[in-house]
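See below for query.tsv, which holds TSV, C-alpha atoms.
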```tsv
chain	number	residue	atom	x	y	z
A	1021	MET	CA	144.81	66.32	70.12
A	1022	ASN	CA	142.86	69.53	69.74
A	1023	GLY	CA	140.28	70.17	72.39
A	1024	THR	CA	137.69	72.83	73.11
A	1025	LEU	CA	137.14	74.22	76.55
A	1026	ARG	CA	133.47	74.83	77.18
A	1027	LEU	CA	132.35	77.05	80.01
A	1028	SER	CA	128.76	77.10	81.16
A	1029	TYR	CA	127.36	80.18	82.81
A	1030	ASN	CA	123.97	81.47	83.86
A	1031	LEU	CA	123.00	84.84	82.39
A	1032	GLN	CA	120.40	85.24	85.13
A	1033	PHE	CA	123.31	85.97	87.47
A	1034	PHE	CA	123.60	89.36	85.80
A	1035	ALA	CA	119.87	89.92	85.32
A	1036	GLN	CA	117.85	92.35	87.33
A	1037	GLU	CA	116.09	90.75	90.25
A	1038	GLY	CA	112.37	90.32	90.26
A	1039	PRO	CA	109.94	88.14	88.32
A	1040	GLY	CA	108.40	89.21	85.08
A	1041	GLY	CA	111.36	90.85	83.32
A	1042	GLU	CA	112.69	94.37	83.45
A	1043	LYS	CA	111.34	96.82	86.01
A	1044	THR	CA	109.71	99.48	83.86
A	1045	GLU	CA	106.51	100.29	85.78
A	1046	GLU	CA	106.16	103.07	88.34
A	1047	PRO	CA	105.85	101.82	91.96
A	1048	THR	CA	102.33	101.70	93.30
A	1049	GLY	CA	101.23	103.14	96.63
A	1050	LYS	CA	101.09	99.65	98.12
A	1051	ARG	CA	104.63	98.96	96.94
A	1052	ARG	CA	105.88	102.13	98.63
A	1053	GLU	CA	104.00	101.40	101.84
A	1054	ASP	CA	105.28	97.80	102.00
A	1055	ALA	CA	108.85	99.03	101.48
A	1056	ARG	CA	108.39	101.62	104.21
A	1057	LYS	CA	107.14	98.97	106.65
A	1058	LYS	CA	110.31	96.98	105.93
A	1059	GLY	CA	112.46	100.03	106.67
A	1060	GLN	CA	113.37	100.60	103.03
A	1061	VAL	CA	113.30	104.38	102.75
A	1062	ALA	CA	115.21	107.05	100.84
A	1063	LYS	CA	117.58	108.07	103.62
A	1064	SER	CA	121.02	109.53	103.01
A	1065	GLN	CA	123.60	108.99	105.74
A	1066	GLU	CA	125.65	111.81	104.23
A	1067	VAL	CA	122.94	114.32	105.20
A	1068	TYR	CA	123.24	113.32	108.85
A	1069	ASN	CA	127.05	113.39	108.71
A	1070	ALA	CA	127.14	116.82	107.08
A	1071	VAL	CA	124.57	118.48	109.35
A	1072	SER	CA	126.10	116.93	112.48
A	1073	LEU	CA	129.60	118.03	111.51
A	1074	PHE	CA	128.47	121.56	110.71
A	1075	ALA	CA	126.40	121.86	113.90
A	1076	ILE	CA	129.21	120.58	116.14
A	1077	PHE	CA	131.85	122.89	114.69
A	1078	LEU	CA	129.42	125.80	114.86
A	1079	LEU	CA	128.78	124.98	118.52
A	1080	LEU	CA	132.52	124.83	119.14
A	1081	ARG	CA	132.96	128.22	117.50
A	1082	ILE	CA	130.29	129.79	119.71
A	1083	TYR	CA	131.13	128.03	123.00
A	1084	GLY	CA	134.72	127.04	122.30
A	1085	GLN	CA	136.15	129.17	125.08
A	1086	THR	CA	133.79	127.62	127.62
A	1087	PHE	CA	134.82	124.13	126.54
A	1088	GLY	CA	138.48	125.09	126.74
A	1089	LYS	CA	138.13	126.52	130.23
A	1090	ASN	CA	136.30	123.42	131.45
A	1091	PHE	CA	138.90	121.02	130.07
A	1092	LEU	CA	141.71	123.19	131.39
A	1093	GLU	CA	140.06	123.05	134.81
A	1094	VAL	CA	139.90	119.26	134.55
A	1095	PHE	CA	143.58	119.17	133.58
A	1096	ARG	CA	144.59	121.33	136.53
A	1097	ARG	CA	142.49	119.36	138.96
A	1098	VAL	CA	143.90	116.04	137.81
A	1099	TYR	CA	147.52	117.10	138.14
A	1100	GLY	CA	146.90	119.05	141.32
A	1101	SER	CA	145.16	116.14	142.98
A	1102	MET	CA	147.79	113.67	141.82
A	1103	ALA	CA	150.53	115.87	143.28
A	1104	ASP	CA	148.70	116.07	146.60
A	1105	MET	CA	148.05	112.32	146.71
A	1106	ALA	CA	151.67	111.57	145.83
A	1107	ARG	CA	152.77	113.25	149.10
A	1108	PRO	CA	150.16	112.25	151.65
A	1109	VAL	CA	150.54	112.99	155.29
A	1110	GLY	CA	151.27	109.83	157.21
A	1111	GLY	CA	151.17	107.38	154.29
A	1112	THR	CA	150.13	106.68	150.71
A	1113	ALA	CA	146.86	107.70	149.08
A	1114	SER	CA	143.99	105.27	149.43
A	1115	ALA	CA	141.97	103.68	146.61
A	1116	ASN	CA	138.99	105.65	147.83
A	1117	ASP	CA	140.80	108.92	147.09
A	1118	PHE	CA	141.52	107.78	143.53
A	1119	SER	CA	137.88	106.72	143.05
A	1120	LYS	CA	136.58	110.08	144.19
A	1121	LEU	CA	138.98	111.86	141.86
A	1122	LEU	CA	138.02	109.65	138.91
A	1123	ILE	CA	134.28	110.14	139.49
A	1124	ALA	CA	134.72	113.90	139.75
A	1125	ILE	CA	136.70	113.99	136.50
A	1126	ILE	CA	134.14	111.84	134.64
A	1127	LEU	CA	131.26	114.01	135.82
A	1128	ARG	CA	133.07	117.19	134.78
A	1129	VAL	CA	133.82	115.75	131.32
A	1130	ILE	CA	130.22	114.58	130.88
A	1131	ILE	CA	128.87	118.01	131.87
A	1132	THR	CA	131.29	119.65	129.44
A	1133	LEU	CA	130.38	117.33	126.56
A	1134	LEU	CA	126.65	117.27	127.35
A	1135	PRO	CA	125.76	120.10	124.88
A	1136	VAL	CA	127.60	118.25	122.10
A	1137	LEU	CA	125.84	114.97	122.93
A	1138	LEU	CA	122.42	116.66	123.08
A	1139	LEU	CA	123.11	118.45	119.82
A	1140	SER	CA	124.07	115.18	118.12
A	1141	PHE	CA	120.85	113.55	119.34
A	1142	VAL	CA	118.67	116.45	118.18
A	1143	VAL	CA	120.39	116.59	114.79
A	1144	ALA	CA	120.00	112.83	114.28
A	1145	PHE	CA	116.30	112.97	115.20
A	1146	VAL	CA	115.48	116.02	113.08
A	1147	VAL	CA	117.46	114.88	110.02
A	1148	ASN	CA	115.81	111.45	110.01
A	1149	LEU	CA	112.39	112.97	110.65
A	1150	VAL	CA	112.79	115.37	107.73
A	1151	GLN	CA	114.03	112.66	105.37
A	1152	VAL	CA	111.67	109.76	106.10
A	1153	LYS	CA	108.99	111.19	108.43
A	1154	TRP	CA	108.07	109.19	111.55
A	1155	LYS	CA	107.84	105.46	110.95
A	1156	VAL	CA	109.17	102.88	113.41
A	1157	SER	CA	110.19	99.58	111.82
A	1158	PHE	CA	112.05	96.63	113.36
A	1159	GLU	CA	112.27	94.77	110.06
A	1160	PRO	CA	115.88	95.85	109.29
A	1161	MET	CA	116.95	94.39	112.67
A	1162	LYS	CA	115.75	90.91	111.80
A	1163	PRO	CA	118.51	88.48	110.77
A	1164	LYS	CA	118.56	87.66	107.06
A	1165	PHE	CA	120.34	84.42	106.19
A	1166	SER	CA	120.40	85.45	102.53
A	1167	LYS	CA	123.15	87.93	103.46
A	1168	LEU	CA	125.35	84.96	104.40
A	1169	ASN	CA	125.16	83.64	100.85
A	1170	PRO	CA	128.65	84.15	99.34
A	1171	LEU	CA	127.19	84.44	95.83
A	1172	SER	CA	124.91	87.29	96.90
A	1173	GLY	CA	127.80	88.94	98.69
A	1174	PHE	CA	129.93	88.67	95.56
A	1175	LYS	CA	127.18	90.33	93.51
A	1176	ARG	CA	126.83	93.15	96.05
A	1177	PHE	CA	130.60	93.67	96.09
A	1178	PHE	CA	130.63	94.36	92.35
A	1179	SER	CA	127.31	96.20	92.26
A	1180	LYS	CA	126.67	99.68	90.92
A	1181	GLN	CA	126.10	100.91	94.47
A	1182	LYS	CA	129.67	100.00	95.42
A	1183	LEU	CA	130.96	101.99	92.47
A	1184	VAL	CA	128.84	104.96	93.55
A	1185	ASP	CA	130.16	104.67	97.11
A	1186	LEU	CA	133.70	104.59	95.78
A	1187	ALA	CA	133.04	107.67	93.64
A	1188	LYS	CA	131.60	109.51	96.67
A	1189	ALA	CA	134.63	108.62	98.79
A	1190	VAL	CA	137.02	109.86	96.11
A	1191	LEU	CA	134.99	113.05	95.67
A	1192	LYS	CA	135.04	113.73	99.41
A	1193	ILE	CA	138.78	113.19	99.62
A	1194	VAL	CA	139.44	115.49	96.67
A	1195	LEU	CA	137.15	118.28	97.89
A	1196	VAL	CA	138.26	118.10	101.52
A	1197	SER	CA	141.92	118.11	100.45
A	1198	ALA	CA	141.27	121.17	98.29
A	1199	VAL	CA	139.54	122.96	101.17
A	1200	VAL	CA	142.34	122.12	103.63
A	1201	TYR	CA	145.03	123.24	101.19
A	1202	SER	CA	143.21	126.47	100.33
A	1203	PHE	CA	142.60	127.29	104.01
A	1204	MET	CA	146.05	126.37	105.37
A	1205	ARG	CA	148.07	127.83	102.52
A	1206	ASP	CA	148.02	131.34	104.00
A	1207	ARG	CA	148.17	130.19	107.66
A	1208	ILE	CA	150.98	127.69	107.62
A	1209	GLY	CA	153.42	130.41	108.72
A	1210	PHE	CA	151.58	130.99	111.97
A	1211	VAL	CA	151.47	127.27	112.66
A	1212	LEU	CA	155.25	126.94	112.16
A	1213	LEU	CA	155.88	129.81	114.60
A	1214	MET	CA	153.74	128.35	117.41
A	1215	ASN	CA	156.86	127.39	119.37
A	1216	GLU	CA	157.38	131.09	120.00
A	1217	PHE	CA	153.86	131.57	121.38
A	1218	SER	CA	152.68	131.03	124.91
A	1219	ILE	CA	150.70	127.89	125.65
A	1220	GLU	CA	147.42	129.80	125.89
A	1221	SER	CA	148.05	131.63	122.60
A	1222	ALA	CA	149.11	128.44	120.84
A	1223	VAL	CA	146.03	126.57	122.06
A	1224	THR	CA	143.79	129.46	121.03
A	1225	LEU	CA	145.40	129.58	117.57
A	1226	VAL	CA	145.15	125.83	117.02
A	1227	SER	CA	141.56	125.59	118.25
A	1228	SER	CA	140.45	128.61	116.21
A	1229	THR	CA	142.16	127.25	113.10
A	1230	LEU	CA	140.64	123.78	113.52
A	1231	VAL	CA	137.13	125.12	114.16
A	1232	ASN	CA	137.18	127.46	111.15
A	1233	LEU	CA	138.61	124.69	108.98
A	1234	GLY	CA	136.00	122.29	110.28
A	1235	ILE	CA	133.18	124.67	109.38
A	1236	ARG	CA	134.51	124.97	105.82
A	1237	ILE	CA	134.84	121.20	105.51
A	1238	ALA	CA	131.30	120.78	106.89
A	1239	SER	CA	130.00	123.28	104.31
A	1240	VAL	CA	131.56	121.17	101.54
A	1241	TYR	CA	129.99	118.08	103.12
A	1242	ILE	CA	126.57	119.74	102.97
A	1243	VAL	CA	126.94	120.15	99.20
A	1244	ILE	CA	127.98	116.50	98.90
A	1245	ALA	CA	125.07	115.48	101.14
A	1246	ALA	CA	122.57	117.39	98.97
A	1247	LEU	CA	123.82	115.58	95.85
A	1248	ASP	CA	123.77	112.25	97.70
A	1249	TYR	CA	120.22	112.88	98.94
A	1250	ILE	CA	119.02	113.54	95.38
A	1251	TYR	CA	120.76	110.38	94.17
A	1252	THR	CA	119.41	108.32	97.10
A	1253	ARG	CA	115.82	109.34	96.38
A	1254	TRP	CA	116.27	108.59	92.69
A	1255	LYS	CA	117.81	105.17	93.40
A	1256	HIS	CA	115.10	104.35	95.94
A	1257	HIS	CA	112.47	105.18	93.32
A	1258	GLU	CA	114.26	103.03	90.73
A	1259	ASP	CA	114.56	100.12	93.18
A	1260	LEU	CA	110.84	100.26	93.89
A	1261	LYS	CA	109.89	100.10	90.22
A	1262	MET	CA	107.92	97.01	89.27
A	1263	THR	CA	107.74	94.60	86.39
A	1264	LYS	CA	104.50	94.27	84.46
A	1265	GLN	CA	103.94	90.87	86.07
A	1266	GLU	CA	104.37	92.32	89.57
A	1267	VAL	CA	101.79	94.99	88.79
A	1268	LYS	CA	99.35	92.33	87.57
A	1269	ASP	CA	99.95	90.18	90.64
A	1270	GLU	CA	99.40	93.14	92.95
A	1271	MET	CA	96.17	94.03	91.19
A	1272	LYS	CA	95.00	90.44	91.58
A	1273	ASP	CA	95.80	90.52	95.29
A	1274	ALA	CA	94.12	93.90	95.78
A	1275	GLU	CA	91.02	93.35	93.65
A	1276	GLY	CA	90.77	89.59	93.66
A	1277	ASN	CA	91.32	87.07	90.91
A	1278	PRO	CA	89.43	88.21	87.76
A	1279	GLU	CA	88.35	84.63	87.02
A	1280	ILE	CA	86.87	84.21	90.48
A	1281	LYS	CA	85.20	87.62	90.31
A	1282	GLY	CA	83.77	86.70	86.91
A	1283	LYS	CA	82.33	83.46	88.30
A	1284	ILE	CA	80.82	85.36	91.22
A	1285	ARG	CA	79.18	87.87	88.87
A	1286	GLN	CA	77.88	85.03	86.71
A	1287	LYS	CA	76.41	83.31	89.75
A	1288	MET	CA	74.75	86.55	90.85
A	1289	ARG	CA	73.29	87.00	87.38
A	1290	GLU	CA	71.92	83.47	87.49
A	1291	ILE	CA	70.30	84.09	90.88
A	1292	SER	CA	68.84	87.38	89.69
A	1293	ARG	CA	67.55	85.73	86.51
A	1294	ALA	CA	65.93	82.92	88.49
A	1295	ARG	CA	64.22	85.45	90.76
A	1296	MET	CA	63.09	87.41	87.70
A	1297	MET	CA	61.63	84.30	86.04
A	1298	GLN	CA	59.63	83.55	89.17
A	1299	ALA	CA	57.89	86.94	88.77
A	1300	VAL	CA	56.86	86.36	85.12
A	1301	PRO	CA	53.65	84.42	85.97
A	1302	GLU	CA	52.44	87.45	87.94
A	1303	ALA	CA	52.67	89.73	84.88
A	1304	ASP	CA	49.65	91.06	83.00
A	1305	VAL	CA	51.36	91.00	79.63
A	1306	VAL	CA	54.71	90.22	77.94
A	1307	ILE	CA	55.61	92.62	75.13
A	1308	THR	CA	58.01	91.12	72.55
A	1309	ASN	CA	60.10	92.14	69.54
A	1310	PRO	CA	59.15	89.21	68.83
A	1311	THR	CA	62.47	87.26	68.73
A	1312	HIS	CA	65.07	89.55	70.32
A	1313	TYR	CA	63.35	91.28	73.25
A	1314	ALA	CA	60.74	90.43	75.85
A	1315	VAL	CA	59.42	92.66	78.64
A	1316	ALA	CA	56.93	91.52	81.30
A	1317	LEU	CA	54.60	94.22	82.74
A	1318	LYS	CA	52.20	94.28	85.65
A	1319	TYR	CA	49.75	97.03	86.48
A	1320	ASP	CA	48.38	97.01	90.03
A	1321	THR	CA	47.00	100.28	91.41
A	1322	ASP	CA	47.47	98.97	94.96
A	1323	ILE	CA	51.25	98.75	94.36
A	1324	ALA	CA	52.04	101.63	91.98
A	1325	ASP	CA	50.29	104.31	89.97
A	1326	ALA	CA	51.86	103.05	86.73
A	1327	PRO	CA	52.75	99.68	85.18
A	1328	VAL	CA	55.94	98.10	86.59
A	1329	ILE	CA	58.58	96.03	84.80
A	1330	LEU	CA	58.72	92.56	86.38
A	1331	ALA	CA	61.19	90.99	83.95
A	1332	LYS	CA	63.06	91.74	80.76
A	1333	GLY	CA	65.57	89.94	78.59
A	1334	GLN	CA	67.25	89.63	75.23
A	1335	ASP	CA	67.62	86.66	72.89
A	1336	TYR	CA	67.90	83.51	75.09
A	1337	VAL	CA	66.50	85.23	78.18
A	1338	ALA	CA	63.65	86.67	76.10
A	1339	MET	CA	62.85	83.18	74.90
A	1340	LYS	CA	62.75	81.84	78.48
A	1341	ILE	CA	60.47	84.73	79.55
A	1342	LYS	CA	58.04	83.87	76.77
A	1343	GLU	CA	58.13	80.18	77.76
A	1344	GLU	CA	57.32	81.05	81.36
A	1345	ALA	CA	54.55	83.36	80.18
A	1346	ARG	CA	52.95	80.67	78.00
A	1347	ALA	CA	53.17	78.13	80.81
A	1348	ALA	CA	51.43	80.57	83.19
A	1349	GLY	CA	48.86	81.73	80.64
A	1350	VAL	CA	50.19	85.28	80.46
A	1351	GLU	CA	49.26	87.11	77.26
A	1352	ILE	CA	52.15	87.78	74.82
A	1353	VAL	CA	51.79	90.84	72.59
A	1354	GLU	CA	54.14	91.73	69.76
A	1355	ASN	CA	55.13	95.42	69.61
A	1356	LYS	CA	58.66	95.89	68.29
A	1357	PRO	CA	59.19	99.64	69.00
A	1358	LEU	CA	57.65	99.47	72.48
A	1359	ALA	CA	59.57	96.33	73.43
A	1360	ARG	CA	62.90	97.89	72.41
A	1361	MET	CA	62.19	101.18	74.23
A	1362	LEU	CA	61.08	99.45	77.43
A	1363	TYR	CA	64.12	97.15	77.39
A	1364	ALA	CA	66.57	99.99	76.81
A	1365	ASN	CA	65.11	102.64	79.15
A	1366	VAL	CA	63.40	100.93	82.09
A	1367	GLU	CA	65.07	98.66	84.66
A	1368	ILE	CA	63.43	95.75	86.46
A	1369	GLY	CA	61.26	97.00	89.33
A	1370	GLU	CA	60.88	100.49	87.83
A	1371	LYS	CA	57.68	102.08	86.65
A	1372	VAL	CA	56.97	102.83	83.00
A	1373	PRO	CA	57.93	106.48	82.23
A	1374	PRO	CA	55.13	108.93	81.41
A	1375	GLU	CA	56.14	109.25	77.76
A	1376	LEU	CA	55.26	105.57	77.25
A	1377	TYR	CA	51.98	105.62	79.15
A	1378	GLN	CA	49.87	105.88	76.00
A	1379	ALA	CA	51.57	102.98	74.20
A	1380	VAL	CA	51.50	100.72	77.27
A	1381	ALA	CA	47.89	101.64	78.02
A	1382	GLU	CA	46.84	100.57	74.53
A	1383	VAL	CA	48.55	97.17	75.00
A	1384	LEU	CA	46.99	96.66	78.43
A	1385	ALA	CA	43.55	97.64	77.11
A	1386	PHE	CA	43.99	95.08	74.32
A	1387	VAL	CA	44.95	92.40	76.86
A	1388	TYR	CA	42.10	93.23	79.23
A	1389	ASN	CA	39.67	93.09	76.32
A	1390	ILE	CA	40.95	89.61	75.35
A	1391	LYS	CA	40.61	88.39	78.94
A	1392	LYS	CA	37.09	89.89	79.15
A	1393	GLN	CA	35.99	88.11	75.98
A	1394	ALA	CA	37.56	84.87	77.15
A	1395	GLY	CA	35.90	85.16	80.57
```
What does the file become when written as structure tokens?
Amino acid sequence: MNGTLRLSYNLQFFAQEGPGGEKTEEPTGKRREDARKKGQVAKSQEVYNAVSLFAIFLLLRIYGQTFGKNFLEVFRRVYGSMADMARPVGGTASANDFSKLLIAIILRVIITLLPVLLLSFVVAFVVNLVQVKWKVSFEPMKPKFSKLNPLSGFKRFFSKQKLVDLAKAVLKIVLVSAVVYSFMRDRIGFVLLMNEFSIESAVTLVSSTLVNLGIRIASVYIVIAALDYIYTRWKHHEDLKMTKQEVKDEMKDAEGNPEIKGKIRQKMREISRARMMQAVPEADVVITNPTHYAVALKYDTDIADAPVILAKGQDYVAMKIKEEARAAGVEIVENKPLARMLYANVEIGEKVPPELYQAVAEVLAFVYNIKKQAG
């Protein structure tokens, strides 16, 4: 019996994380700041390793003799003291004698290594400060249970970053091996003849060779660190990129939901319109288009030295202004050019501009004359 084996799989397993599709948009300032607060910064560990290695070997080259003398002094003191305690007068050495010797040795070693320890601290501080500035974040220290997910761990194990790390490790091995071979090729003869040297000469030769080799290796590491720093910054930038949906969501969070903002603006317009309609009965005249525009004017010398716009509107609002005017007995005058110019150039609460004084004065004179005849 022929059968078909069907395998089901989820393509989203291989998809790039993040809602809204592919990350094609440049990271916003808020995105960068949020990542920085979480401790996600473009920091290359290789830069610290390279600078630390170079600084330590350079320090050893400058103060190597001092270090050697101090350690040799420790060596002599240890063996000298042990010989003295092995043949005590009147009995065996006490535990107190061993404790004093141990404390003295530890203090001498700490004092000897103190410059190296201080240098390592200064290098670590300066390198991190230069790379990511000063920003304290405890977010990376928080436990993340997502890291315990075996599926996520499997994805990270076969990620592009792991391939890059593997390539860096291979590159470092190849370059360091080449440096060691090139440096030791012409010096291997001296190393093989060390059995004919005195102890001091042999130690001096070995230490000098190791320090000079270390400086060359550190120099190669600095080149690797520079390349890794460039790659780290590029990858950090790529990781912070956003999908179009993420950009939209961030804009909504920053500026508010457009629908809600639209409703707020509509409500404010309604309130402003209601306040404007309440001022129409106080107008002296309403100048109309007659169907498309309506502008309500009031001229009161106690308030202003020119007529003031109390209300204006177009189409539906113009119709409501005219209804309010009729209900309040305000005169409505048709003047198409003047109505359009007032609507387009003068805002509510503003005075009529001087270039329209003549036209408005004629309308007001006409209205006052009608009121005088009616009275």
Requested in this report: Record the distance separating CA of Asn1309 in chain A and CA of Ile1341 in chain A, expressed in Å with one decimal.
Outcome: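 Computing the Euclidean distance for CA of Asn1309 in chain A and CA of Ile1341 in chain A yields 12.5 Å.
Closest approach to Arg1293 in chain A from the set A:Lys1188, A:Lys1281, A:Arg1051, A:Lys1332 is made by A:Lys1332, with distances taken over all atoms listed in the file.
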Requested in this report: Grab the CA of Phe1203 in chain A to CA of Ile1235 in chain A distance for me, in Å with one decimal place.
Outcome: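 Separating CA of Phe1203 in chain A from CA of Ile1235 in chain A is a distance of 11.2 Å.
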Report task. Compile the contact shell of range 1383-1395 of chain A as an NGL selection string: residues with an atom at most 9 Å away, counting all atoms listed in the file, same-chain residues fewer than 5 positions apart removed. Result -> :A and (1304-1305 or 1307 or 1319 or 1351-1353 or 1355 or 1378)
For Phe1077 in chain A, list every protein, DNA or RNA residue within 6 Å, evaluated using all atoms listed in the file, and leave out those in the same chain fewer than 2 positions away; present the list as a compact mmCIF listing (two decimals) with C-alpha atoms, keeping the file's coordinate frame.
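Wrote around.txt, looks like this:
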```
# COMPACT_ATOMS: atom_id res chain seq x y z
CA PHE A 1074 128.47 121.56 110.71
CA ALA A 1075 126.40 121.86 113.90
CA LEU A 1079 128.78 124.98 118.52
CA LEU A 1080 132.52 124.83 119.14
CA VAL A 1231 137.13 125.12 114.16
CA ILE A 1235 133.18 124.67 109.38
```
Query - Counting all atoms listed in the file, the residue of A:Ile1280, A:Arg1207, A:Val1067, A:Lys1342 that sits nearest Ser1228 in chain A - result: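 The answer is A:Arg1207, which sits nearest to Ser1228 in chain A.
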Near range 1321-1329 of chain A, 12 Å: range 1243-1300 of chain A residue rows, closest pairs, all atoms listed in the file, as a tab-separated table:
```
residue	atom	partner	partner_atom	distance
A:Met1296	CA	A:Ile1329	CA	10.2
A:Ala1299	CA	A:Ile1329	CA	9.9
A:Val1300	CA	A:Ile1329	CA	9.8
```
List the neighbours of range 1356-1358 of chain A out to 8 Å using all atoms listed in the file; skip same-chain residues closer than 3 positions along the sequence, and give me the result as a PDB file with C-alpha atoms, in the coordinates of the input.
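This is the output file selection.pdb:
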```
ATOM      1  CA  ILE A1307      55.610  92.620  75.130  1.00  0.00           C
ATOM      2  CA  THR A1308      58.010  91.120  72.550  1.00  0.00           C
ATOM      3  CA  ASN A1309      60.100  92.140  69.540  1.00  0.00           C
ATOM      4  CA  PRO A1310      59.150  89.210  68.830  1.00  0.00           C
ATOM      5  CA  MET A1361      62.190 101.180  74.230  1.00  0.00           C
ATOM      6  CA  LEU A1362      61.080  99.450  77.430  1.00  0.00           C
ATOM      7  CA  ALA A1379      51.570 102.980  74.200  1.00  0.00           C
ATOM      8  CA  VAL A1380      51.500 100.720  77.270  1.00  0.00           C
TER       9      VAL A1380
END
```
**Report entry** Å distance separating CA of Ile1368 in chain A from CA of Ala1303 in chain A, one decimal place
**Finding:**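 We find that CA of Ile1368 in chain A and CA of Ala1303 in chain A lie 12.4 Å from each other.
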Query raised in the report: Near Leu1078 in chain A, counting all atoms listed in the file, which residues have an atom at most 10 Å away, once you skip same-chain residues fewer than 4 positions from it, shown as a count of residues only?
Result: 11
**Report entry** Of the listed residues A:Leu1191, A:Leu1122, A:Val1184, A:Phe1141, that which approaches Thr1252 in chain A most closely, counting all atoms listed in the file
**Finding:** A:Val1184
For Lys1261 in chain A, please output as a PDB file with C-alpha atoms, keeping the file's coordinate frame all residues within 10 Å (counting all atoms listed in the file; exclusion window: fewer than 6 positions along the same chain).
```
ATOM      1  CA  GLU A1042     112.690  94.370  83.450  1.00  0.00           C
ATOM      2  CA  LYS A1043     111.340  96.820  86.010  1.00  0.00           C
ATOM      3  CA  THR A1044     109.710  99.480  83.860  1.00  0.00           C
ATOM      4  CA  GLU A1045     106.510 100.290  85.780  1.00  0.00           C
ATOM      5  CA  GLU A1046     106.160 103.070  88.340  1.00  0.00           C
ATOM      6  CA  PRO A1047     105.850 101.820  91.960  1.00  0.00           C
ATOM      7  CA  THR A1048     102.330 101.700  93.300  1.00  0.00           C
ATOM      8  CA  ARG A1051     104.630  98.960  96.940  1.00  0.00           C
ATOM      9  CA  ARG A1052     105.880 102.130  98.630  1.00  0.00           C
ATOM     10  CA  LYS A1255     117.810 105.170  93.400  1.00  0.00           C
ATOM     11  CA  VAL A1267     101.790  94.990  88.790  1.00  0.00           C
TER      12      VAL A1267
END
```
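Take the candidates A:Thr1224, A:Tyr1068, A:Arg1205, A:Ser1197 and check each one against Phe1145 in chain A using only C-alpha atoms; the shortest distance goes to A:Tyr1068.
The smallest atom-to-atom distance between Val1146 in chain A and any of A:Val1071, A:Met1271, A:Ile1237, A:Ala1055, using only C-alpha atoms, is found for A:Val1071.
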